[in-house]
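Colleague: Okay, so here is run33.pdb, and as you'll see once you scroll down, it has PDB, C-alpha atoms and all ligand atoms.
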MODEL        1
ATOM      1  CA  MET A1286      65.070  -6.219  61.068
ATOM      2  CA  PRO A1287      66.397  -8.399  63.933
ATOM      3  CA  ALA A1288      66.747 -12.056  62.921
ATOM      4  CA  ALA A1289      64.308 -13.182  65.619
ATOM      5  CA  ASP A1290      61.610 -10.881  64.205
ATOM      6  CA  GLN A1291      62.190 -12.218  60.714
ATOM      7  CA  ALA A1292      62.001 -15.782  61.970
ATOM      8  CA  ALA A1293      58.733 -15.067  63.790
ATOM      9  CA  ARG A1294      57.208 -13.835  60.549
ATOM     10  CA  THR A1295      58.376 -16.779  58.435
ATOM     11  CA  PRO A1296      55.839 -19.631  58.322
ATOM     12  CA  PRO A1297      56.968 -23.262  58.676
ATOM     13  CA  GLY A1298      58.849 -24.639  55.667
ATOM     14  CA  GLN A1299      59.475 -21.185  54.141
ATOM     15  CA  HIS A1300      62.749 -19.318  53.518
ATOM     16  CA  LEU A1301      63.163 -15.568  53.038
ATOM     17  CA  THR A1302      64.087 -14.099  49.684
ATOM     18  CA  ARG A1303      65.318 -10.602  49.018
ATOM     19  CA  GLY A1304      64.459 -10.649  45.331
ATOM     20  CA  TRP A1305      61.003 -11.190  43.934
ATOM     21  CA  PRO A1306      60.562 -14.383  41.881
ATOM     22  CA  ILE A1307      58.185 -14.229  38.904
ATOM     23  CA  LEU A1308      55.789 -17.171  38.676
ATOM     24  CA  HIS A1309      52.788 -17.767  36.457
ATOM     25  CA  ALA A1310      51.241 -20.543  34.414
ATOM     26  CA  GLU A1311      50.448 -18.435  31.344
ATOM     27  CA  GLY A1312      51.638 -15.542  29.182
ATOM     28  CA  ILE A1313      51.474 -11.915  30.317
ATOM     29  CA  PRO A1314      48.267 -10.458  28.838
ATOM     30  CA  PRO A1315      48.398  -7.137  26.967
ATOM     31  CA  PHE A1316      47.009  -4.077  28.767
ATOM     32  CA  ASP A1317      45.039  -1.484  26.835
ATOM     33  CA  PRO A1318      43.795   1.245  29.219
ATOM     34  CA  ALA A1319      41.044   2.210  26.748
ATOM     35  CA  SER A1320      39.405  -1.228  26.576
ATOM     36  CA  TRP A1321      40.278  -2.605  30.055
ATOM     37  CA  ARG A1322      37.215  -3.310  32.200
ATOM     38  CA  PHE A1323      36.787  -4.642  35.738
ATOM     39  CA  ARG A1324      33.494  -6.407  36.473
ATOM     40  CA  VAL A1325      31.754  -7.750  39.556
ATOM     41  CA  THR A1326      29.212 -10.387  38.519
ATOM     42  CA  GLY A1327      27.306 -13.401  39.847
ATOM     43  CA  ALA A1328      25.397 -13.356  43.133
ATOM     44  CA  VAL A1329      25.164  -9.558  43.390
ATOM     45  CA  ASP A1330      22.328  -7.043  43.559
ATOM     46  CA  ARG A1331      23.743  -5.239  40.512
ATOM     47  CA  THR A1332      26.593  -6.027  38.128
ATOM     48  CA  VAL A1333      29.197  -3.240  38.349
ATOM     49  CA  GLU A1334      31.808  -2.339  35.777
ATOM     50  CA  TRP A1335      34.714   0.130  35.886
ATOM     51  CA  THR A1336      37.010   1.459  33.174
ATOM     52  CA  TRP A1337      40.700   1.824  34.052
ATOM     53  CA  ASP A1338      40.318   5.557  34.701
ATOM     54  CA  GLU A1339      37.273   4.966  36.886
ATOM     55  CA  PHE A1340      38.994   2.204  38.845
ATOM     56  CA  ARG A1341      42.087   4.346  39.462
ATOM     57  CA  ALA A1342      39.879   7.152  40.759
ATOM     58  CA  LEU A1343      38.412   4.952  43.524
ATOM     59  CA  PRO A1344      39.580   5.719  47.085
ATOM     60  CA  SER A1345      42.759   3.738  47.765
ATOM     61  CA  ALA A1346      44.445   2.206  50.777
ATOM     62  CA  THR A1347      48.116   1.440  51.448
ATOM     63  CA  VAL A1348      48.999  -1.758  53.292
ATOM     64  CA  THR A1349      52.349  -3.365  54.121
ATOM     65  CA  SER A1350      52.249  -7.161  54.225
ATOM     66  CA  ASP A1351      54.232 -10.353  53.614
ATOM     67  CA  ILE A1352      54.210 -12.730  50.631
ATOM     68  CA  HIS A1353      54.338 -16.505  51.176
ATOM     69  CA  CYS A1354      54.602 -18.653  48.041
ATOM     70  CA  VAL A1355      53.737 -22.343  48.154
ATOM     71  CA  THR A1356      57.047 -23.137  46.406
ATOM     72  CA  GLY A1357      58.833 -22.093  49.632
ATOM     73  CA  TRP A1358      59.882 -18.459  49.352
ATOM     74  CA  SER A1359      58.597 -15.612  51.490
ATOM     75  CA  LYS A1360      59.171 -11.903  50.947
ATOM     76  CA  LEU A1361      58.532  -9.617  53.909
ATOM     77  CA  ASP A1362      57.380  -5.989  53.992
ATOM     78  CA  ASN A1363      55.717  -5.358  50.664
ATOM     79  CA  THR A1364      53.874  -2.045  50.494
ATOM     80  CA  TRP A1365      50.815  -2.289  48.281
ATOM     81  CA  GLU A1366      48.503   0.495  47.175
ATOM     82  CA  GLY A1367      45.102  -0.225  45.706
ATOM     83  CA  VAL A1368      41.396  -0.575  46.369
ATOM     84  CA  PRO A1369      40.192  -2.722  49.278
ATOM     85  CA  PHE A1370      38.411  -5.884  48.086
ATOM     86  CA  ARG A1371      35.474  -5.079  50.353
ATOM     87  CA  ASP A1372      34.876  -1.727  48.617
ATOM     88  CA  ILE A1373      34.748  -3.405  45.200
ATOM     89  CA  VAL A1374      32.315  -6.075  46.295
ATOM     90  CA  GLY A1375      30.348  -3.586  48.373
ATOM     91  CA  ALA A1376      29.658  -1.518  45.258
ATOM     92  CA  ALA A1377      27.871  -4.503  43.715
ATOM     93  CA  GLY A1378      26.099  -5.647  46.877
ATOM     94  CA  PRO A1379      26.467  -9.414  47.391
ATOM     95  CA  THR A1380      23.151 -11.260  47.712
ATOM     96  CA  ALA A1381      22.265 -12.617  51.152
ATOM     97  CA  ALA A1382      23.189 -16.106  49.904
ATOM     98  CA  ALA A1383      26.664 -15.159  48.564
ATOM     99  CA  THR A1384      29.394 -17.031  50.459
ATOM    100  CA  HIS A1385      32.420 -17.293  48.121
ATOM    101  CA  ALA A1386      34.176 -15.493  45.298
ATOM    102  CA  LEU A1387      36.224 -16.453  42.270
ATOM    103  CA  ILE A1388      38.771 -13.851  41.215
ATOM    104  CA  GLU A1389      39.162 -13.765  37.443
ATOM    105  CA  ALA A1390      42.036 -12.993  35.060
ATOM    106  CA  PRO A1391      41.745 -12.539  31.256
ATOM    107  CA  SER A1392      42.800 -16.208  30.901
ATOM    108  CA  ALA A1393      41.282 -19.281  32.536
ATOM    109  CA  TYR A1394      43.294 -18.561  35.713
ATOM    110  CA  THR A1395      41.095 -18.072  38.770
ATOM    111  CA  ALA A1396      41.372 -18.428  42.537
ATOM    112  CA  ASN A1397      38.564 -19.059  45.009
ATOM    113  CA  LEU A1398      38.125 -17.873  48.569
ATOM    114  CA  PRO A1399      35.314 -17.526  51.104
ATOM    115  CA  LEU A1400      34.037 -13.958  51.357
ATOM    116  CA  GLU A1401      35.019 -13.798  55.011
ATOM    117  CA  ALA A1402      38.685 -14.370  54.083
ATOM    118  CA  LEU A1403      38.503 -11.544  51.569
ATOM    119  CA  ASP A1404      36.722  -9.136  53.917
ATOM    120  CA  ASP A1405      39.947  -8.041  55.608
ATOM    121  CA  ASP A1406      41.841  -4.729  55.793
ATOM    122  CA  ASP A1407      44.894  -6.224  54.053
ATOM    123  CA  VAL A1408      43.072  -7.611  50.973
ATOM    124  CA  LEU A1409      43.522  -5.219  48.047
ATOM    125  CA  PHE A1410      43.294  -4.974  44.297
ATOM    126  CA  ALA A1411      46.715  -3.336  43.975
ATOM    127  CA  TRP A1412      48.245  -1.251  41.198
ATOM    128  CA  SER A1413      51.394  -0.267  43.076
ATOM    129  CA  HIS A1414      54.177  -2.150  44.906
ATOM    130  CA  ASP A1415      56.752  -0.344  47.071
ATOM    131  CA  GLY A1416      55.769   3.000  45.560
ATOM    132  CA  GLU A1417      56.185   1.930  41.923
ATOM    133  CA  PRO A1418      53.511   0.977  39.393
ATOM    134  CA  LEU A1419      53.031  -2.785  39.515
ATOM    135  CA  PRO A1420      55.126  -4.233  36.638
ATOM    136  CA  PRO A1421      53.345  -6.432  34.065
ATOM    137  CA  GLU A1422      55.347  -9.513  35.080
ATOM    138  CA  HIS A1423      54.023  -9.176  38.639
ATOM    139  CA  GLY A1424      50.413  -8.705  37.557
ATOM    140  CA  GLY A1425      50.269  -5.077  36.441
ATOM    141  CA  PRO A1426      48.178  -3.146  35.898
ATOM    142  CA  LEU A1427      46.146  -4.735  38.721
ATOM    143  CA  ARG A1428      46.440  -7.789  40.942
ATOM    144  CA  LEU A1429      44.699  -9.172  43.962
ATOM    145  CA  VAL A1430      46.785  -9.372  47.169
ATOM    146  CA  VAL A1431      45.655 -11.766  49.930
ATOM    147  CA  PRO A1432      48.575 -11.775  52.398
ATOM    148  CA  LYS A1433      47.135 -14.394  54.768
ATOM    149  CA  ARG A1434      47.021 -17.100  52.035
ATOM    150  CA  TYR A1435      49.697 -18.651  49.825
ATOM    151  CA  PHE A1436      50.435 -16.356  46.918
ATOM    152  CA  TRP A1437      48.688 -18.398  44.192
ATOM    153  CA  LYS A1438      45.409 -16.957  45.583
ATOM    154  CA  SER A1439      46.694 -13.463  44.646
ATOM    155  CA  VAL A1440      45.465 -13.378  41.051
ATOM    156  CA  LYS A1441      47.594 -11.299  38.677
ATOM    157  CA  TRP A1442      46.045  -9.167  35.906
ATOM    158  CA  ALA A1443      42.746  -9.271  37.790
ATOM    159  CA  VAL A1444      39.729  -8.156  35.754
ATOM    160  CA  GLY A1445      36.788  -9.440  37.734
ATOM    161  CA  VAL A1446      35.147 -10.979  40.749
ATOM    162  CA  ARG A1447      32.362 -13.537  40.493
ATOM    163  CA  LEU A1448      30.274 -13.842  43.642
ATOM    164  CA  LEU A1449      29.040 -17.360  44.346
ATOM    165  CA  GLU A1450      26.451 -19.025  46.556
ATOM    166  CA  ARG A1451      28.702 -22.093  46.943
ATOM    167  CA  ASP A1452      32.437 -22.812  46.733
ATOM    168  CA  VAL A1453      33.838 -23.332  43.216
ATOM    169  CA  ARG A1454      37.504 -24.323  42.900
ATOM    170  CA  GLY A1455      39.961 -22.113  41.074
ATOM    171  CA  TYR A1456      42.771 -23.040  38.689
ATOM    172  CA  TRP A1457      45.282 -24.522  41.151
ATOM    173  CA  GLU A1458      42.649 -25.685  43.615
ATOM    174  CA  GLU A1459      41.264 -27.921  40.840
ATOM    175  CA  ARG A1460      44.778 -29.263  40.234
ATOM    176  CA  GLY A1461      45.512 -30.462  43.745
ATOM    177  CA  TYR A1462      46.477 -27.345  45.691
ATOM    178  CA  HIS A1463      44.839 -26.920  49.076
ATOM    179  CA  ASN A1464      41.501 -25.131  49.015
ATOM    180  CA  ASP A1465      42.274 -22.920  52.047
ATOM    181  CA  ALA A1466      46.018 -22.209  51.593
ATOM    182  CA  ASP A1467      46.887 -20.877  55.069
ATOM    183  CA  PRO A1468      50.723 -20.701  55.179
ATOM    184  CA  TRP A1469      50.838 -20.839  58.984
ATOM    185  CA  ALA A1470      49.000 -24.182  58.870
ATOM    186  CA  GLU A1471      51.147 -25.261  55.878
ATOM    187  CA  GLN A1472      48.073 -25.974  53.793
ATOM    188  CA  ARG A1473      49.980 -26.523  50.549
ATOM    189  CA  TYR A1474      48.385 -29.500  48.827
ATOM    190  CA  ALA A1475      44.975 -31.117  49.089
ATOM    191  CA  TRP A1476      46.323 -34.646  49.485
ATOM    192  CA  GLN A1477      47.812 -33.641  52.849
ATOM    193  CA  GLU A1478      44.398 -34.008  54.461
ATOM    194  CA  GLY A1479      41.996 -35.172  51.824
ATOM    195  CA  ARG A1480      40.504 -31.822  50.856
TER     196      ARG A1480
HETATM  197  N1  LIG A1501      46.574 -14.576  36.446
HETATM  198  C1  LIG A1501      47.455 -15.304  37.143
HETATM  199  N2  LIG A1501      47.711 -14.976  38.429
HETATM  200  C2  LIG A1501      48.601 -15.689  39.138
HETATM  201  C3  LIG A1501      49.275 -16.796  38.574
HETATM  202  C4  LIG A1501      48.985 -17.125  37.213
HETATM  203  O1  LIG A1501      49.510 -18.085  36.637
HETATM  204  N3  LIG A1501      48.082 -16.352  36.536
HETATM  205  N4  LIG A1501      50.185 -17.507  39.349
HETATM  206  C5  LIG A1501      50.020 -17.422  40.808
HETATM  207  C6  LIG A1501      51.150 -17.990  41.523
HETATM  208  S1  LIG A1501      51.241 -19.690  41.550
HETATM  209  C7  LIG A1501      52.026 -17.211  42.240
HETATM  210  S2  LIG A1501      53.202 -17.916  43.232
HETATM  211  C8  LIG A1501      51.978 -15.730  42.172
HETATM  212  C9  LIG A1501      53.343 -15.185  41.769
HETATM  213  O2  LIG A1501      53.339 -13.795  41.727
HETATM  214  P1  LIG A1501      54.678 -13.035  41.336
HETATM  215  O3  LIG A1501      55.078 -13.530  39.956
HETATM  216  O4  LIG A1501      54.350 -11.575  41.340
HETATM  217  O5  LIG A1501      55.712 -13.389  42.355
HETATM  218  O6  LIG A1501      50.989 -15.268  41.244
HETATM  219  C10 LIG A1501      49.784 -15.989  41.282
HETATM  220  N5  LIG A1501      48.831 -15.315  40.452
HETATM  221 MO    MO A1502      52.931 -20.266  43.033
ENDMDL
END
Could you express the structure from this file as structure tokens?
Ligand SMILES: Nc1nc2c(c(=O)[nH]1)N[C@H]1C(S)=C(S)[C@@H](COP(=O)(O)O)O[C@H]1N2
Ligand SMILES: [Mo]

Modeller:
Amino acid sequence: MPAADQAARTPPGQHLTRGWPILHAEGIPPFDPASWRFRVTGAVDRTVEWTWDEFRALPSATVTSDIHCVTGWSKLDNTWEGVPFRDIVGAAGPTAAATHALIEAPSAYTANLPLEALDDDDVLFAWSHDGEPLPPEHGGPLRLVVPKRYFWKSVKWAVGVRLLERDVRGYWEERGYHNDADPWAEQRYAWQEGR
């Protein structure tokens, strides 16, 4: 890729990395395909639940997008395969009052986003990266990918979505990270602008 193209895709304060750093605030949870469940709960018309086999049988999409981590590294051109967020939430039917979602891991790790940020073609629950099964250290078997936000919003080992009728802060958002996390606006930490 020409250097000017790379530069145009690198948000302010970020540098490109060729490798893929591994970052998480917890241990890697075990994955048992027989007992794994994915649930959509909260402000929905009906709670929906999938087994691993059922989830993998859902229609998938393939999207190439960039990663921007709040610690300063960006990794361009990641090809993800998985199920669009909007299909998962659509199966449960958000109530008319639902405005936000918390994405859940087996631990206490969560991330929050407004539904309109998640209702985008590039937002997936992904099981594959660059044609390979997503490795456990990067969130396998399944992780959220939200390319337009810093990467802490992309919850690894995702097992659920909780629909909400108000905003509820996730793990890092409660600990001082910016609620919105737009890398192009450099929304890294809440104390930058008092939110
Ligand atoms: N469940 C869970 N998801 C998580 C985290 C975590 O600690 N637990 N860390 C987040 C952070 S801060 C980053 S930068 C990315 C890192 O993803 P990677 O290790 O695949 O690069 O995962 C995000 N998703
Ligand atoms: Mo991070």

Colleague: Using only C-alpha atoms and all ligand atoms, which protein or nucleic acid residues are at most 12 Å from ligand MO 1502 (chain A), as a VMD selection string?

Modeller: chain A and resid 1306 to 1310 1352 to 1359 1396 1423 1434 to 1441 1456 to 1458 1462 1466 1473 to 1474

Colleague: Hey, which of A:Asp1406, A:Glu1389, A:Asp1415, A:Glu1471 ends up closest to Arg1447 (chain A)? Count all atoms listed in the file.

Modeller: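 The answer is A:Glu1389, which sits nearest to Arg1447 (chain A).
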
Colleague: Residues proximal to (55.5, -4.0, 45.6) were defined as those with any atom within 9 Å of that point in the file's coordinates, counting all atoms listed in the file. Which are they, as a PDB file with C-alpha atoms, in the coordinates of the input?

Modeller:
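Contents of part_0.pdb, freshly written:
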ATOM      1  CA  ASP A1362      57.380  -5.989  53.992  1.00  0.00           C
ATOM      2  CA  ASN A1363      55.717  -5.358  50.664  1.00  0.00           C
ATOM      3  CA  THR A1364      53.874  -2.045  50.494  1.00  0.00           C
ATOM      4  CA  TRP A1365      50.815  -2.289  48.281  1.00  0.00           C
ATOM      5  CA  GLU A1366      48.503   0.495  47.175  1.00  0.00           C
ATOM      6  CA  ALA A1411      46.715  -3.336  43.975  1.00  0.00           C
ATOM      7  CA  TRP A1412      48.245  -1.251  41.198  1.00  0.00           C
ATOM      8  CA  SER A1413      51.394  -0.267  43.076  1.00  0.00           C
ATOM      9  CA  HIS A1414      54.177  -2.150  44.906  1.00  0.00           C
ATOM     10  CA  ASP A1415      56.752  -0.344  47.071  1.00  0.00           C
ATOM     11  CA  GLY A1416      55.769   3.000  45.560  1.00  0.00           C
ATOM     12  CA  GLU A1417      56.185   1.930  41.923  1.00  0.00           C
ATOM     13  CA  PRO A1418      53.511   0.977  39.393  1.00  0.00           C
ATOM     14  CA  LEU A1419      53.031  -2.785  39.515  1.00  0.00           C
ATOM     15  CA  PRO A1420      55.126  -4.233  36.638  1.00  0.00           C
ATOM     16  CA  HIS A1423      54.023  -9.176  38.639  1.00  0.00           C
TER      17      HIS A1423
END

Colleague: Evaluate the PyMOL selection byres (((chain A and resi 1367) around 9) and not hetatm) on the structure here and hand back the selected residues as a list in words.

Modeller: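 Selection result, ordered by chain and number: Arg1341, Leu1343, Pro1344, Ser1345, Ala1346, Thr1347, Val1348, Trp1365, Glu1366, Val1368, Pro1369, Leu1409, Phe1410, Ala1411, Trp1412, Ser1413 and Leu1427 of chain A.
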
Colleague: Can you work out the spacing between CA of Pro1318 (chain A) and CA of Trp1305 (chain A) in Å, to one decimal?

Modeller: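 We find that CA of Pro1318 (chain A) and CA of Trp1305 (chain A) lie 25.8 Å from each other.
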
Colleague: Output the residue selection produced by the PyMOL selection byres (((chain A and resi 1315) around 10) and not hetatm) on the file above, formatted as number ranges by chain.

Modeller: A: 1312-1314, 1316-1318, 1321, 1391, 1421, 1425-1426, 1442

Colleague: Calculated over only C-alpha atoms, which of the candidates A:Ser1392, A:Thr1332, A:Thr1380, A:Ser1350 has the smallest distance to Val1408 (chain A)?

Modeller: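 Between A:Ser1392, A:Thr1332, A:Thr1380, A:Ser1350, the residue approaching Val1408 (chain A) most closely is A:Ser1350.
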
Colleague: Smallest atom-to-atom distance to ligand LIG 1501 (chain A): which of A:Glu1311, A:Asp1405, A:Asp1452, A:Asp1330, using all atoms listed in the file?

Modeller: A:Glu1311

Colleague: Which one of A:Ala1319, A:Ala1402, A:Ala1390, A:Ile1373 sits closest to ligand LIG 1501 (chain A) if you count all atoms listed in the file?

Modeller: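 Once distances to ligand LIG 1501 (chain A) are computed over all atoms listed in the file, the minimum belongs to A:Ala1390.
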
Colleague: Name the closest residue to ligand LIG 1501 (chain A) among the candidates A:Tyr1394, A:Phe1323, A:Trp1476, A:Trp1469; distances are taken between atoms, counting all atoms listed in the file.

Modeller: A:Tyr1394

Colleague: When you draw a straight line from CA of Pro1297 (chain A) to CA of Pro1468 (chain A), how long is it in Å?

Modeller: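 A separation of 7.6 Å between them.
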
Colleague: Point out the residue among A:Ala1393, A:Ala1470, A:Met1286, A:Ala1386 with the least atom-to-atom distance to Ala1328 (chain A), counting all atoms listed in the file.

Modeller: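 Residue with the minimum atom-to-atom distance to Ala1328 (chain A): A:Ala1386.
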
Colleague: Let me know the residues the PyMOL selection byres (((chain A and resi 1453) around 8) and not hetatm) catches in the file above, as a ChimeraX atom specification.

Modeller: /A:1385,1387,1397,1449,1451-1452,1454-1455

Colleague: Edge lengths and centre, in Å to one decimal, as lines of an AutoDock Vina configuration file: that's what I need for the box along x, y and z that holds all listed atoms of ligand LIG 1501 (chain A) plus 6 Å on each side.

Modeller:
center_x = 51.1
center_y = -15.6
center_z = 39.8
size_x = 21.1
size_y = 20.1
size_z = 18.8

Colleague: Please, what distance in Å, to one decimal, runs between atom C4 of ligand LIG 1501 (chain A) and CA of Asp1338 (chain A)?

Modeller: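 Going from atom C4 of ligand LIG 1501 (chain A) over to CA of Asp1338 (chain A), I get 24.4 Å.
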
Colleague: Need to verify the contact set: Lys1360 (chain A), 6 Å, only C-alpha atoms, exclusion of same-chain residues closer than 2 positions in sequence. Can you return it as a list in words?

Modeller: Leu1301, Thr1302, Asp1351 and Ile1352 of chain A

Colleague: Using only C-alpha atoms, what residues lie at most 9 Å away from (30.8, -6.4, 37.0) (file coordinates), given as a PDB file with C-alpha atoms, in the coordinates of the input?

Modeller:
ATOM      1  CA  ARG A1322      37.215  -3.310  32.200  1.00  0.00           C
ATOM      2  CA  PHE A1323      36.787  -4.642  35.738  1.00  0.00           C
ATOM      3  CA  ARG A1324      33.494  -6.407  36.473  1.00  0.00           C
ATOM      4  CA  VAL A1325      31.754  -7.750  39.556  1.00  0.00           C
ATOM      5  CA  THR A1326      29.212 -10.387  38.519  1.00  0.00           C
ATOM      6  CA  GLY A1327      27.306 -13.401  39.847  1.00  0.00           C
ATOM      7  CA  ARG A1331      23.743  -5.239  40.512  1.00  0.00           C
ATOM      8  CA  THR A1332      26.593  -6.027  38.128  1.00  0.00           C
ATOM      9  CA  VAL A1333      29.197  -3.240  38.349  1.00  0.00           C
ATOM     10  CA  GLU A1334      31.808  -2.339  35.777  1.00  0.00           C
ATOM     11  CA  TRP A1335      34.714   0.130  35.886  1.00  0.00           C
ATOM     12  CA  ALA A1377      27.871  -4.503  43.715  1.00  0.00           C
ATOM     13  CA  GLY A1445      36.788  -9.440  37.734  1.00  0.00           C
ATOM     14  CA  VAL A1446      35.147 -10.979  40.749  1.00  0.00           C
ATOM     15  CA  ARG A1447      32.362 -13.537  40.493  1.00  0.00           C
TER      16      ARG A1447
END
